[in-house]
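Enquirer: My questions will all concern the structure given below.
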Amino acid sequence: MPGISVVTTQGARVDLHDDQLAALKSALGDRLVTPGARGYDEARTIWNAMIERRPALVARCATAAEVQQAVRVAAASNLLLSIKGGGHNIAGNALCDGGMMIDLSPMKRVVVDPAARTARVQPGVTLAELDAATQAHGLAVPLGINSTTGVAGLTLGGGFGWLTRKYGFTVDSLTSAEIVTADGSLRRASEQENGDLFWAIRGGGGNFGVVTEFAFRLHPVGPEILAGLIVHPFEDITPVAARYREFVAKAPEELTTWLVFRKAPPLPFVPADWHGREVVVIAFLYAGDAAAGQKVVEPLRRFGRPVGEHIGPMPYAGFQQAFDPLLTPGARNYWKSHDFTQISDAAVGVIQDFVSRLPSPHCEIFLAHLGGAAARVAPDAMAFSRRDAEFIINVHTRWEKPADDRACVGWAREFFTAMAAHAMGSVYVNFMPEDETDRLPAAWGPNYARLAAIKAKYDPKNLFRVNQNIQPAAV
Ligand SMILES: Cc1cc2nc3c(=O)[nH]c(=O)nc-3n(C[C@H](O)[C@H](O)[C@H](O)COP(=O)(O)OP(=O)(O)OC[C@H]3O[C@@H](n4cnc5c(N)ncnc54)[C@H](O)[C@@H]3O)c2cc1C
């Protein structure tokens, strides 16, 4: 391979020559990919079509040793470096322009020990793949709600979904990790080994190195659970939100409910004349005995005058994929998010205003209920600190044509500003778009200074900077 022109962390251009790439090239073969080569465009295609970047070099690593080699090459020449797990980050942090991308998608192994209730998971695994492996034994890790998301990025930022109230955030089930740090060494991070690194990667994102294996504690779930959707007319948003609030304040931890505000998709249990009209959807999962769950959710079914519902026992892994058709890759997306301790009538009024003027038929605002086990962990137990957020609202602005960028992004920003007065000020790092660098301290709150100190220890030159970046503390 002749010299390749690559961008450094300082934005300069350097030529990488054969001798610098020889070891990596011999290890990766045709998995070391440059523009124009087979697999290049596939590797640099991510979930959010808004983000278009062209790395100069893609190292599609299949082993931890290959990741070490790639990190050493990048560190030796100070290359701009990005890490791709599942490629779902809204800010597009999997990609860099002109630098090296380490693509972990070939690392797909999951090893489940059903007796010990543990799983070792490589960083190219998606939520669907992990669910499939664990559900074969009636076990699960709490994950997110779109099954094509990468376990790696989701975990490193926190991770929440249908099991969070019962079993905590994804990071709460992480027991150890193997990680290649900026000096190219492969370290183990757990409560016992490199405890500061383990503290930092549980919520600190990709700032501290490349995780080559995650070890999780598993929980008994399903394989069949009670779950469902109840669809209300949008004009009933005020009473439905008020009843919902009362209901969730007393809900058991087994039950997680979300409200979704959007135009009704063509669901078979929603009458055709409602398809495409604004609705309020109550989505829920009960992570316990299905018969007990039926009793718990009965009051939910008696709210208002729903236009359709679909409730019943179903495979957990199936419900984990229920929202995938609305979240397929390839669309343009922009998100804005806030945390809340409560959802006031005034906040519901803001939602009502903005959902009545959705800028595209694919946009939605969702409100997820947290609390329960997730709230019982001390905010300084690990980097992930936002334990007092009872609700999180994310605006999923989603559209097809670049010509609509301005209207759609503008709508999301306006909604975000209008909601700010009702919100806590903190934010979930995994929901931050690329223009939100000013909110980084809010993502980690009081843990930010400690994270900066740990960053200075493990990555003093900020090699891992294409992420929601923590600057190394001055030492
Ligand atoms: C449709 C959709 C639905 C979502 N739903 C949820 C949800 O329900 N709950 C939730 O918590 N989140 C959810 N998310 C957010 C998700 O957690 C983040 O987008 C997350 O960053 C995705 O991880 P990834 O590996 O797919 O992404 P990537 O873009 O590949 O990576 C994201 C970041 O993680 C870093 N990274 C990835 N792998 C590694 C690694 N092995 N070592 C070190 N750093 C690494 C990268 O540097 C990058 O900065 C959703 C996202 C999408 C697009």
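Ordering of the structure tokens sets the chain letters (A, B, ...), residue numbers begin anew at 1 in every chain, and ligands are numbered from 1 in the order given.
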Can you check which residues of range 322-451 of chain A DSSP gives as alpha helix (DSSP H) on the backbone and send them as number ranges by chain?
Expert: A: 345-355, 405-419, 440-444, 448-451
Enquirer: Kindly provide, as a PyMOL selection string, all nucleotide and amino acid residues lying within 7 Å of ligand 1, counting only C-alpha atoms and all ligand atoms.
Expert: chain A and resi 47+82-90+92-94+104+123+143-146+149-154+156-161+205-207+209-212+327+430-431+466-468
Enquirer: Write out as a PyMOL selection string the residues lying within 8 Å of Ala133 in chain A, counting only C-alpha atoms and excluding same-chain residues fewer than 2 positions away.
Expert: chain A and resi 110-112+129-131+135-137
Enquirer: Determine, counting only C-alpha atoms, which protein, DNA and RNA residues have an atom within 10 Å of an atom of Ala347 in chain A; residues of the same chain fewer than 2 positions away are not included. Present the result as an NGL selection string.
Expert: :A and (340 or 342-345 or 349-353 or 418-423)
Enquirer: For CA of Ala241 in chain A and CA of Leu326 in chain A, quote the distance in Å rounded to one decimal.
Expert: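 Here the two named atoms are 23.0 Å from each other.
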Enquirer: How would you write, as a tab-separated table (two decimals) with all heavy atoms, in the first residue's frame, the set of residues in range 184-315 of chain A that DSSP gives as strand (DSSP E)?
Expert:
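Done, and the output landed in out33.tsv:
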```tsv
chain	number	residue	atom	x	y	z
A	186	LEU	N	-3.66	-3.69	26.43
A	186	LEU	CA	-4.99	-4.27	26.66
A	186	LEU	C	-5.14	-4.45	28.17
A	186	LEU	O	-4.38	-5.19	28.79
A	186	LEU	CB	-5.11	-5.62	25.95
A	186	LEU	CG	-6.42	-6.38	26.14
A	186	LEU	CD1	-7.60	-5.62	25.53
A	186	LEU	CD2	-6.34	-7.77	25.51
A	187	ARG	N	-6.10	-3.73	28.75
A	187	ARG	CA	-6.28	-3.78	30.21
A	187	ARG	C	-7.64	-4.36	30.54
A	187	ARG	O	-8.57	-4.25	29.75
A	187	ARG	CB	-6.21	-2.38	30.81
A	187	ARG	CG	-4.92	-1.65	30.52
A	187	ARG	CD	-5.05	-0.22	31.01
A	187	ARG	NE	-4.06	0.63	30.39
A	187	ARG	CZ	-3.03	1.20	31.02
A	187	ARG	NH1	-2.87	1.02	32.31
A	187	ARG	NH2	-2.19	1.97	30.37
A	188	ARG	N	-7.70	-4.89	31.75
A	188	ARG	CA	-8.99	-5.34	32.28
A	188	ARG	C	-9.46	-4.27	33.25
A	188	ARG	O	-8.67	-3.74	34.04
A	188	ARG	CB	-8.77	-6.63	33.04
A	188	ARG	CG	-9.87	-7.62	32.88
A	188	ARG	CD	-9.51	-8.88	33.64
A	188	ARG	NE	-10.57	-9.16	34.59
A	188	ARG	CZ	-11.76	-9.60	34.24
A	188	ARG	NH1	-12.04	-9.80	32.97
A	188	ARG	NH2	-12.67	-9.85	35.15
A	189	ALA	N	-10.71	-3.92	33.17
A	189	ALA	CA	-11.27	-2.92	34.09
A	189	ALA	C	-12.44	-3.55	34.83
A	189	ALA	O	-13.36	-4.09	34.20
A	189	ALA	CB	-11.74	-1.70	33.31
A	190	SER	N	-12.37	-3.53	36.15
A	190	SER	CA	-13.47	-4.06	36.98
A	190	SER	C	-13.35	-3.36	38.33
A	190	SER	O	-12.48	-2.52	38.53
A	190	SER	CB	-13.32	-5.57	37.15
A	190	SER	OG	-12.17	-5.86	37.95
A	210	VAL	N	-10.63	1.63	23.58
A	210	VAL	CA	-11.53	0.81	22.77
A	210	VAL	C	-11.87	-0.44	23.56
A	210	VAL	O	-10.99	-1.25	23.86
A	210	VAL	CB	-10.87	0.39	21.43
A	210	VAL	CG1	-11.90	-0.33	20.56
A	210	VAL	CG2	-10.29	1.59	20.71
A	211	VAL	N	-13.13	-0.60	23.91
A	211	VAL	CA	-13.54	-1.80	24.65
A	211	VAL	C	-13.62	-2.96	23.67
A	211	VAL	O	-14.31	-2.88	22.65
A	211	VAL	CB	-14.88	-1.58	25.37
A	211	VAL	CG1	-15.36	-2.88	26.02
A	211	VAL	CG2	-14.75	-0.48	26.42
A	212	THR	N	-12.90	-4.03	23.98
A	212	THR	CA	-12.90	-5.19	23.09
A	212	THR	C	-13.76	-6.33	23.63
A	212	THR	O	-14.03	-7.30	22.92
A	212	THR	CB	-11.46	-5.69	22.86
A	212	THR	OG1	-10.85	-5.91	24.13
A	212	THR	CG2	-10.66	-4.67	22.08
A	213	GLU	N	-14.15	-6.21	24.91
A	213	GLU	CA	-15.11	-7.18	25.45
A	213	GLU	C	-15.80	-6.59	26.67
A	213	GLU	O	-15.17	-5.96	27.52
A	213	GLU	CB	-14.40	-8.48	25.84
A	213	GLU	CG	-15.40	-9.56	26.28
A	213	GLU	CD	-14.71	-10.88	26.58
A	213	GLU	OE1	-14.50	-11.65	25.62
A	213	GLU	OE2	-14.41	-11.13	27.76
A	214	PHE	N	-17.11	-6.81	26.74
A	214	PHE	CA	-17.92	-6.41	27.89
A	214	PHE	C	-18.34	-7.68	28.64
A	214	PHE	O	-18.71	-8.67	27.99
A	214	PHE	CB	-19.21	-5.71	27.45
A	214	PHE	CG	-19.00	-4.43	26.68
A	214	PHE	CD1	-18.82	-4.45	25.30
A	214	PHE	CD2	-19.00	-3.20	27.32
A	214	PHE	CE1	-18.64	-3.27	24.58
A	214	PHE	CE2	-18.82	-2.02	26.62
A	214	PHE	CZ	-18.64	-2.05	25.24
A	215	ALA	N	-18.33	-7.64	29.98
A	215	ALA	CA	-18.90	-8.76	30.75
A	215	ALA	C	-20.11	-8.23	31.51
A	215	ALA	O	-20.02	-7.22	32.22
A	215	ALA	CB	-17.86	-9.33	31.71
A	216	PHE	N	-21.25	-8.91	31.32
A	216	PHE	CA	-22.49	-8.46	31.94
A	216	PHE	C	-23.03	-9.50	32.91
A	216	PHE	O	-22.89	-10.72	32.69
A	216	PHE	CB	-23.58	-8.25	30.88
A	216	PHE	CG	-23.34	-7.08	29.97
A	216	PHE	CD1	-22.92	-7.29	28.65
A	216	PHE	CD2	-23.54	-5.78	30.41
A	216	PHE	CE1	-22.71	-6.22	27.80
A	216	PHE	CE2	-23.33	-4.70	29.56
A	216	PHE	CZ	-22.91	-4.92	28.25
A	217	ARG	N	-23.71	-9.03	33.94
A	217	ARG	CA	-24.56	-9.85	34.79
A	217	ARG	C	-25.90	-9.95	34.08
A	217	ARG	O	-26.40	-8.97	33.53
A	217	ARG	CB	-24.72	-9.11	36.13
A	217	ARG	CG	-25.49	-9.80	37.19
A	217	ARG	CD	-25.63	-8.88	38.43
A	217	ARG	NE	-24.38	-8.27	38.85
A	217	ARG	CZ	-24.14	-6.95	38.84
A	217	ARG	NH1	-25.06	-6.09	38.46
A	217	ARG	NH2	-22.98	-6.48	39.24
A	219	HIS	N	-30.11	-11.19	33.91
A	219	HIS	CA	-31.30	-11.21	34.77
A	219	HIS	C	-32.36	-12.11	34.14
A	219	HIS	O	-32.49	-12.15	32.91
A	219	HIS	CB	-31.85	-9.79	34.91
A	219	HIS	CG	-30.81	-8.79	35.30
A	219	HIS	ND1	-30.44	-8.58	36.61
A	219	HIS	CD2	-30.01	-7.99	34.55
A	219	HIS	CE1	-29.48	-7.67	36.64
A	219	HIS	NE2	-29.20	-7.29	35.41
A	220	PRO	N	-33.16	-12.75	34.97
A	220	PRO	CA	-34.22	-13.59	34.40
A	220	PRO	C	-35.32	-12.73	33.77
A	220	PRO	O	-35.87	-11.86	34.43
A	220	PRO	CB	-34.77	-14.35	35.61
A	220	PRO	CG	-34.31	-13.59	36.81
A	220	PRO	CD	-33.11	-12.80	36.44
A	224	GLU	N	-41.23	-15.06	27.55
A	224	GLU	CA	-42.46	-14.37	27.21
A	224	GLU	C	-42.74	-13.33	28.28
A	224	GLU	O	-42.57	-13.61	29.48
A	224	GLU	CB	-43.61	-15.36	27.12
A	224	GLU	CG	-44.69	-14.88	26.22
A	224	GLU	CD	-45.61	-16.01	25.75
A	224	GLU	OE1	-46.37	-16.50	26.60
A	224	GLU	OE2	-45.57	-16.34	24.56
A	225	ILE	N	-43.13	-12.15	27.86
A	225	ILE	CA	-43.47	-11.09	28.81
A	225	ILE	C	-44.81	-10.47	28.40
A	225	ILE	O	-45.29	-10.71	27.28
A	225	ILE	CB	-42.39	-9.97	28.86
A	225	ILE	CG1	-41.94	-9.59	27.45
A	225	ILE	CG2	-41.18	-10.38	29.70
A	225	ILE	CD1	-42.78	-8.76	26.66
A	226	LEU	N	-45.38	-9.67	29.29
A	226	LEU	CA	-46.60	-8.93	28.93
A	226	LEU	C	-46.17	-7.55	28.44
A	226	LEU	O	-45.41	-6.85	29.13
A	226	LEU	CB	-47.49	-8.79	30.17
A	226	LEU	CG	-48.79	-8.03	29.90
A	226	LEU	CD1	-49.78	-8.95	29.17
A	226	LEU	CD2	-49.41	-7.51	31.19
A	227	ALA	N	-46.67	-7.18	27.29
A	227	ALA	CA	-46.31	-5.86	26.75
A	227	ALA	C	-47.43	-5.37	25.86
A	227	ALA	O	-48.36	-6.14	25.54
A	227	ALA	CB	-45.00	-5.94	25.95
A	228	GLY	N	-47.36	-4.13	25.46
A	228	GLY	CA	-48.39	-3.67	24.55
A	228	GLY	C	-48.36	-2.18	24.27
A	228	GLY	O	-47.51	-1.44	24.78
A	229	LEU	N	-49.33	-1.79	23.45
A	229	LEU	CA	-49.50	-0.39	23.04
A	229	LEU	C	-50.97	-0.02	23.18
A	229	LEU	O	-51.85	-0.83	22.84
A	229	LEU	CB	-49.12	-0.20	21.57
A	229	LEU	CG	-47.73	-0.62	21.10
A	229	LEU	CD1	-47.64	-0.49	19.58
A	229	LEU	CD2	-46.66	0.24	21.76
A	230	ILE	N	-51.22	1.18	23.70
A	230	ILE	CA	-52.59	1.71	23.75
A	230	ILE	C	-52.55	3.07	23.05
A	230	ILE	O	-51.71	3.91	23.39
A	230	ILE	CB	-53.06	1.88	25.21
A	230	ILE	CG1	-52.89	0.58	25.99
A	230	ILE	CG2	-54.52	2.36	25.25
A	230	ILE	CD1	-53.10	0.72	27.49
A	231	VAL	N	-53.44	3.25	22.08
A	231	VAL	CA	-53.37	4.45	21.24
A	231	VAL	C	-54.57	5.36	21.53
A	231	VAL	O	-55.72	4.93	21.43
A	231	VAL	CB	-53.36	4.04	19.75
A	231	VAL	CG1	-53.27	5.27	18.85
A	231	VAL	CG2	-52.19	3.10	19.47
A	232	HIS	N	-54.27	6.60	21.91
A	232	HIS	CA	-55.31	7.59	22.23
A	232	HIS	C	-55.33	8.71	21.19
A	232	HIS	O	-54.29	9.06	20.63
A	232	HIS	CB	-55.01	8.23	23.59
A	232	HIS	CG	-55.22	7.31	24.75
A	232	HIS	ND1	-56.40	7.23	25.43
A	232	HIS	CD2	-54.38	6.43	25.34
A	232	HIS	CE1	-56.29	6.33	26.41
A	232	HIS	NE2	-55.07	5.83	26.37
A	233	PRO	N	-56.50	9.34	21.02
A	233	PRO	CA	-56.55	10.52	20.14
A	233	PRO	C	-55.67	11.62	20.72
A	233	PRO	O	-55.63	11.81	21.94
A	233	PRO	CB	-58.02	10.96	20.18
A	233	PRO	CG	-58.77	9.89	20.88
A	233	PRO	CD	-57.80	9.06	21.65
A	255	LEU	N	-42.94	-2.63	35.87
A	255	LEU	CA	-43.62	-1.98	34.75
A	255	LEU	C	-42.85	-0.74	34.29
A	255	LEU	O	-42.59	0.17	35.07
A	255	LEU	CB	-45.03	-1.55	35.17
A	255	LEU	CG	-45.86	-0.97	34.02
A	255	LEU	CD1	-46.22	-2.05	33.01
A	255	LEU	CD2	-47.12	-0.29	34.55
A	256	THR	N	-42.52	-0.74	33.00
A	256	THR	CA	-41.95	0.47	32.39
A	256	THR	C	-42.91	0.92	31.31
A	256	THR	O	-43.34	0.12	30.47
A	256	THR	CB	-40.56	0.18	31.78
A	256	THR	OG1	-39.67	-0.12	32.86
A	256	THR	CG2	-40.02	1.39	31.03
A	257	THR	N	-43.27	2.21	31.35
A	257	THR	CA	-44.19	2.76	30.35
A	257	THR	C	-43.55	3.98	29.69
A	257	THR	O	-42.84	4.74	30.34
A	257	THR	CB	-45.51	3.23	31.00
A	257	THR	OG1	-45.18	4.06	32.11
A	257	THR	CG2	-46.36	2.09	31.46
A	258	TRP	N	-43.80	4.12	28.43
A	258	TRP	CA	-43.36	5.32	27.69
A	258	TRP	C	-44.60	5.93	27.03
A	258	TRP	O	-45.54	5.22	26.67
A	258	TRP	CB	-42.38	4.96	26.58
A	258	TRP	CG	-41.02	4.51	27.01
A	258	TRP	CD1	-40.66	3.98	28.20
A	258	TRP	CD2	-39.83	4.53	26.20
A	258	TRP	NE1	-39.32	3.67	28.20
A	258	TRP	CE2	-38.78	4.00	26.99
A	258	TRP	CE3	-39.53	4.95	24.90
A	258	TRP	CZ2	-37.47	3.87	26.52
A	258	TRP	CZ3	-38.23	4.82	24.44
A	258	TRP	CH2	-37.22	4.30	25.25
A	259	LEU	N	-44.60	7.26	26.89
A	259	LEU	CA	-45.59	7.94	26.06
A	259	LEU	C	-44.91	8.35	24.76
A	259	LEU	O	-43.79	8.89	24.80
A	259	LEU	CB	-46.11	9.20	26.74
A	259	LEU	CG	-47.01	9.04	27.96
A	259	LEU	CD1	-47.51	10.42	28.42
A	259	LEU	CD2	-48.20	8.14	27.67
A	260	VAL	N	-45.57	8.10	23.65
A	260	VAL	CA	-45.02	8.51	22.36
A	260	VAL	C	-46.06	9.39	21.67
A	260	VAL	O	-47.23	9.00	21.57
A	260	VAL	CB	-44.68	7.29	21.47
A	260	VAL	CG1	-43.98	7.75	20.19
A	260	VAL	CG2	-43.79	6.31	22.22
A	261	PHE	N	-45.62	10.55	21.24
A	261	PHE	CA	-46.51	11.51	20.57
A	261	PHE	C	-46.07	11.60	19.12
A	261	PHE	O	-44.94	11.99	18.83
A	261	PHE	CB	-46.37	12.90	21.23
A	261	PHE	CG	-46.51	12.87	22.73
A	261	PHE	CD1	-45.37	12.77	23.53
A	261	PHE	CD2	-47.75	12.93	23.34
A	261	PHE	CE1	-45.48	12.74	24.92
A	261	PHE	CE2	-47.86	12.89	24.72
A	261	PHE	CZ	-46.73	12.80	25.51
A	262	ARG	N	-46.96	11.22	18.21
A	262	ARG	CA	-46.59	11.17	16.78
A	262	ARG	C	-47.83	10.96	15.92
A	262	ARG	O	-48.94	10.85	16.44
A	262	ARG	CB	-45.60	10.04	16.54
A	262	ARG	CG	-46.11	8.65	16.94
A	262	ARG	CD	-45.23	7.55	16.40
A	262	ARG	NE	-45.22	7.60	14.95
A	262	ARG	CZ	-44.11	7.61	14.20
A	262	ARG	NH1	-42.93	7.55	14.75
A	262	ARG	NH2	-44.18	7.67	12.88
A	263	LYS	N	-47.63	10.87	14.62
A	263	LYS	CA	-48.73	10.47	13.74
A	263	LYS	C	-48.84	8.94	13.78
A	263	LYS	O	-47.81	8.26	13.80
A	263	LYS	CB	-48.45	10.92	12.30
A	263	LYS	CG	-48.59	12.44	12.12
A	263	LYS	CD	-48.39	12.81	10.67
A	263	LYS	CE	-48.29	14.32	10.48
A	263	LYS	NZ	-49.56	15.03	10.64
A	278	GLU	N	-52.40	12.51	14.35
A	278	GLU	CA	-51.63	12.61	15.59
A	278	GLU	C	-52.32	11.80	16.69
A	278	GLU	O	-53.55	11.85	16.83
A	278	GLU	CB	-51.50	14.07	16.06
A	278	GLU	CG	-50.56	14.91	15.24
A	278	GLU	CD	-51.23	15.49	14.00
A	278	GLU	OE1	-52.47	15.34	13.85
A	278	GLU	OE2	-50.50	16.08	13.18
A	279	VAL	N	-51.50	11.09	17.45
A	279	VAL	CA	-52.01	10.25	18.54
A	279	VAL	C	-51.04	10.31	19.72
A	279	VAL	O	-49.91	10.78	19.60
A	279	VAL	CB	-52.16	8.77	18.10
A	279	VAL	CG1	-53.33	8.58	17.16
A	279	VAL	CG2	-50.87	8.23	17.50
A	280	VAL	N	-51.54	9.84	20.87
A	280	VAL	CA	-50.69	9.62	22.03
A	280	VAL	C	-50.65	8.11	22.24
A	280	VAL	O	-51.70	7.47	22.40
A	280	VAL	CB	-51.28	10.27	23.30
A	280	VAL	CG1	-50.36	10.04	24.49
A	280	VAL	CG2	-51.54	11.75	23.08
A	281	VAL	N	-49.46	7.53	22.22
A	281	VAL	CA	-49.34	6.08	22.39
A	281	VAL	C	-48.74	5.80	23.76
A	281	VAL	O	-47.72	6.39	24.14
A	281	VAL	CB	-48.40	5.48	21.30
A	281	VAL	CG1	-48.32	3.96	21.46
A	281	VAL	CG2	-48.88	5.85	19.91
A	282	ILE	N	-49.42	4.94	24.52
A	282	ILE	CA	-48.81	4.43	25.75
A	282	ILE	C	-48.21	3.07	25.39
A	282	ILE	O	-48.93	2.18	24.95
A	282	ILE	CB	-49.85	4.25	26.87
A	282	ILE	CG1	-50.57	5.56	27.17
A	282	ILE	CG2	-49.17	3.71	28.14
A	282	ILE	CD1	-51.71	5.43	28.19
A	283	ALA	N	-46.89	2.96	25.54
A	283	ALA	CA	-46.21	1.68	25.28
A	283	ALA	C	-45.70	1.17	26.62
A	283	ALA	O	-45.24	1.96	27.45
A	283	ALA	CB	-45.05	1.90	24.32
A	284	PHE	N	-45.79	-0.13	26.84
A	284	PHE	CA	-45.33	-0.65	28.13
A	284	PHE	C	-44.80	-2.06	28.02
A	284	PHE	O	-45.11	-2.81	27.08
A	284	PHE	CB	-46.47	-0.60	29.18
A	284	PHE	CG	-47.50	-1.68	28.98
A	284	PHE	CD1	-47.33	-2.95	29.53
A	284	PHE	CD2	-48.62	-1.44	28.22
A	284	PHE	CE1	-48.26	-3.96	29.32
A	284	PHE	CE2	-49.56	-2.44	28.00
A	284	PHE	CZ	-49.37	-3.70	28.56
A	285	LEU	N	-44.00	-2.41	29.02
A	285	LEU	CA	-43.54	-3.80	29.18
A	285	LEU	C	-43.57	-4.11	30.68
A	285	LEU	O	-43.13	-3.28	31.49
A	285	LEU	CB	-42.13	-3.98	28.63
A	285	LEU	CG	-41.58	-5.41	28.73
A	285	LEU	CD1	-40.78	-5.79	27.49
A	285	LEU	CD2	-40.71	-5.62	29.97
A	286	TYR	N	-44.08	-5.27	31.01
A	286	TYR	CA	-44.11	-5.72	32.40
A	286	TYR	C	-43.10	-6.86	32.55
A	286	TYR	O	-43.28	-7.94	31.97
A	286	TYR	CB	-45.52	-6.17	32.79
A	286	TYR	CG	-45.64	-6.49	34.26
A	286	TYR	CD1	-45.88	-5.49	35.19
A	286	TYR	CD2	-45.49	-7.80	34.72
A	286	TYR	CE1	-45.97	-5.77	36.55
A	286	TYR	CE2	-45.57	-8.09	36.08
A	286	TYR	CZ	-45.81	-7.07	36.98
A	286	TYR	OH	-45.89	-7.35	38.32
A	308	GLY	N	-57.41	2.25	19.83
A	308	GLY	CA	-56.94	0.90	19.55
A	308	GLY	C	-55.95	0.46	20.61
A	308	GLY	O	-55.33	1.31	21.27
A	309	GLU	N	-55.86	-0.85	20.82
A	309	GLU	CA	-54.84	-1.35	21.73
A	309	GLU	C	-54.40	-2.74	21.29
A	309	GLU	O	-55.16	-3.46	20.64
A	309	GLU	CB	-55.34	-1.38	23.19
A	309	GLU	CG	-56.41	-2.41	23.45
A	309	GLU	CD	-56.62	-2.70	24.95
A	309	GLU	OE1	-56.52	-1.77	25.76
A	309	GLU	OE2	-56.88	-3.87	25.27
A	310	HIS	N	-53.19	-3.05	21.64
A	310	HIS	CA	-52.66	-4.39	21.36
A	310	HIS	C	-51.87	-4.77	22.60
A	310	HIS	O	-50.79	-4.22	22.85
A	310	HIS	CB	-51.76	-4.34	20.12
A	310	HIS	CG	-51.08	-5.64	19.84
A	310	HIS	ND1	-51.77	-6.75	19.43
A	310	HIS	CD2	-49.79	-6.02	19.93
A	310	HIS	CE1	-50.92	-7.76	19.27
A	310	HIS	NE2	-49.71	-7.34	19.58
A	311	ILE	N	-52.41	-5.66	23.40
A	311	ILE	CA	-51.79	-6.02	24.67
A	311	ILE	C	-51.82	-7.53	24.80
A	311	ILE	O	-52.83	-8.16	24.49
A	311	ILE	CB	-52.59	-5.40	25.85
A	311	ILE	CG1	-52.48	-3.87	25.81
A	311	ILE	CG2	-52.09	-5.93	27.20
A	311	ILE	CD1	-53.31	-3.17	26.87
A	312	GLY	N	-50.75	-8.09	25.30
A	312	GLY	CA	-50.78	-9.54	25.55
A	312	GLY	C	-49.40	-10.08	25.79
A	312	GLY	O	-48.41	-9.37	25.66
A	313	PRO	N	-49.34	-11.36	26.16
A	313	PRO	CA	-48.04	-11.99	26.32
A	313	PRO	C	-47.38	-12.10	24.95
A	313	PRO	O	-48.05	-12.41	23.96
A	313	PRO	CB	-48.36	-13.38	26.89
A	313	PRO	CG	-49.81	-13.34	27.26
A	313	PRO	CD	-50.45	-12.28	26.43
A	314	MET	N	-46.12	-11.85	24.90
A	314	MET	CA	-45.37	-11.95	23.64
A	314	MET	C	-43.90	-12.20	23.96
A	314	MET	O	-43.46	-11.96	25.08
A	314	MET	CB	-45.55	-10.70	22.77
A	314	MET	CG	-45.17	-9.41	23.44
A	314	MET	SD	-45.64	-7.99	22.42
A	314	MET	CE	-47.35	-7.71	22.94
A	315	PRO	N	-43.13	-12.67	22.97
A	315	PRO	CA	-41.70	-12.90	23.23
A	315	PRO	C	-41.01	-11.57	23.55
A	315	PRO	O	-41.20	-10.58	22.84
A	315	PRO	CB	-41.18	-13.49	21.93
A	315	PRO	CG	-42.38	-13.95	21.19
A	315	PRO	CD	-43.51	-13.07	21.61
```
Enquirer: Enter the distance from CA of Ala12 in chain A to CA of Ala474 in chain A, in Å, rounded to one decimal.
Expert: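 We find that CA of Ala12 in chain A and CA of Ala474 in chain A lie 23.5 Å from each other.
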Enquirer: With distances taken over only C-alpha atoms, which of A:Phe354, A:Pro460, A:Ser176, A:Val409 is nearest to Leu197 in chain A?
Expert: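 Selected residue with least distance to Leu197 in chain A: A:Ser176.
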Enquirer: If we count only C-alpha atoms and set the cut-off at 9 Å, which residues sit around Arg60 in chain A, ignoring sequence neighbours fewer than 6 positions away in its own chain? Please answer as a list in words.
Expert: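 Counting only the stated atoms, we get Leu28, Asp30, Arg31, Leu32, Val33, Ala43, Glu66, Val67, Met101, Ile102, Asp103, Leu104, Ser105 and Pro106 of chain A.
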Enquirer: Could you check which of A:Lys295, A:Arg120, A:Glu191, A:Ile470 is closest to Ala449 in chain A, using only C-alpha atoms?
Expert: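 Smallest separation from Ala449 in chain A among the options: A:Ile470.
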Enquirer: Using only C-alpha atoms, which protein or nucleic acid residues come within 7 Å of Glu254 in chain A? Drop anything in the same chain fewer than 4 positions from it, and give the result as a PyMOL selection string.
Expert: chain A and resi 165-166+286-288
Enquirer: May I have the selected residues written with N, CA, C and O atoms, as a compact mmCIF listing (two decimals), in the first residue's frame?
Expert:
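See selection-v4.txt below for the written result:
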```
# COMPACT_ATOMS: atom_id res chain seq x y z
N ARG A 165 -36.30 0.06 34.90
CA ARG A 165 -36.88 0.27 36.24
C ARG A 165 -36.71 -0.99 37.11
O ARG A 165 -36.56 -0.91 38.32
N LYS A 166 -36.68 -2.13 36.48
CA LYS A 166 -36.56 -3.38 37.23
C LYS A 166 -35.08 -3.70 37.53
O LYS A 166 -34.72 -4.10 38.63
N TYR A 286 -44.08 -5.27 31.01
CA TYR A 286 -44.11 -5.72 32.40
C TYR A 286 -43.10 -6.86 32.55
O TYR A 286 -43.28 -7.94 31.97
N ALA A 287 -42.05 -6.62 33.32
CA ALA A 287 -40.96 -7.60 33.45
C ALA A 287 -41.20 -8.47 34.68
O ALA A 287 -40.46 -8.43 35.65
N GLY A 288 -42.26 -9.26 34.62
CA GLY A 288 -42.60 -10.14 35.74
C GLY A 288 -43.65 -11.12 35.27
O GLY A 288 -43.87 -11.29 34.06
```
Enquirer: Work out how far apart CA of Pro433 in chain A and CA of Arg386 in chain A are and give it in Å to one decimal.
Expert: 18.4 Å
Enquirer: So, with only C-alpha atoms as the atoms that count, which of A:Cys61, A:Cys96, A:Val6, A:Ala452 lies closest to Gly29 in chain A?
Expert: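 Nearest to Gly29 in chain A: A:Cys61.
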Enquirer: Can you tell me which residues surround Pro35 in chain A at a distance of at most 8 Å, considering only C-alpha atoms, apart from same-chain residues fewer than 5 positions away, and format the answer as a VMD selection string?
Expert: chain A and resid 40 to 41 54 to 57
Enquirer: Would you mind telling me which residue in A:Leu463, A:Ala23, A:Ala473, A:Ala374 lies nearest to Asn78 in chain A when using only C-alpha atoms?
Expert: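 Using only C-alpha atoms, Asn78 in chain A sits closest to A:Leu463.
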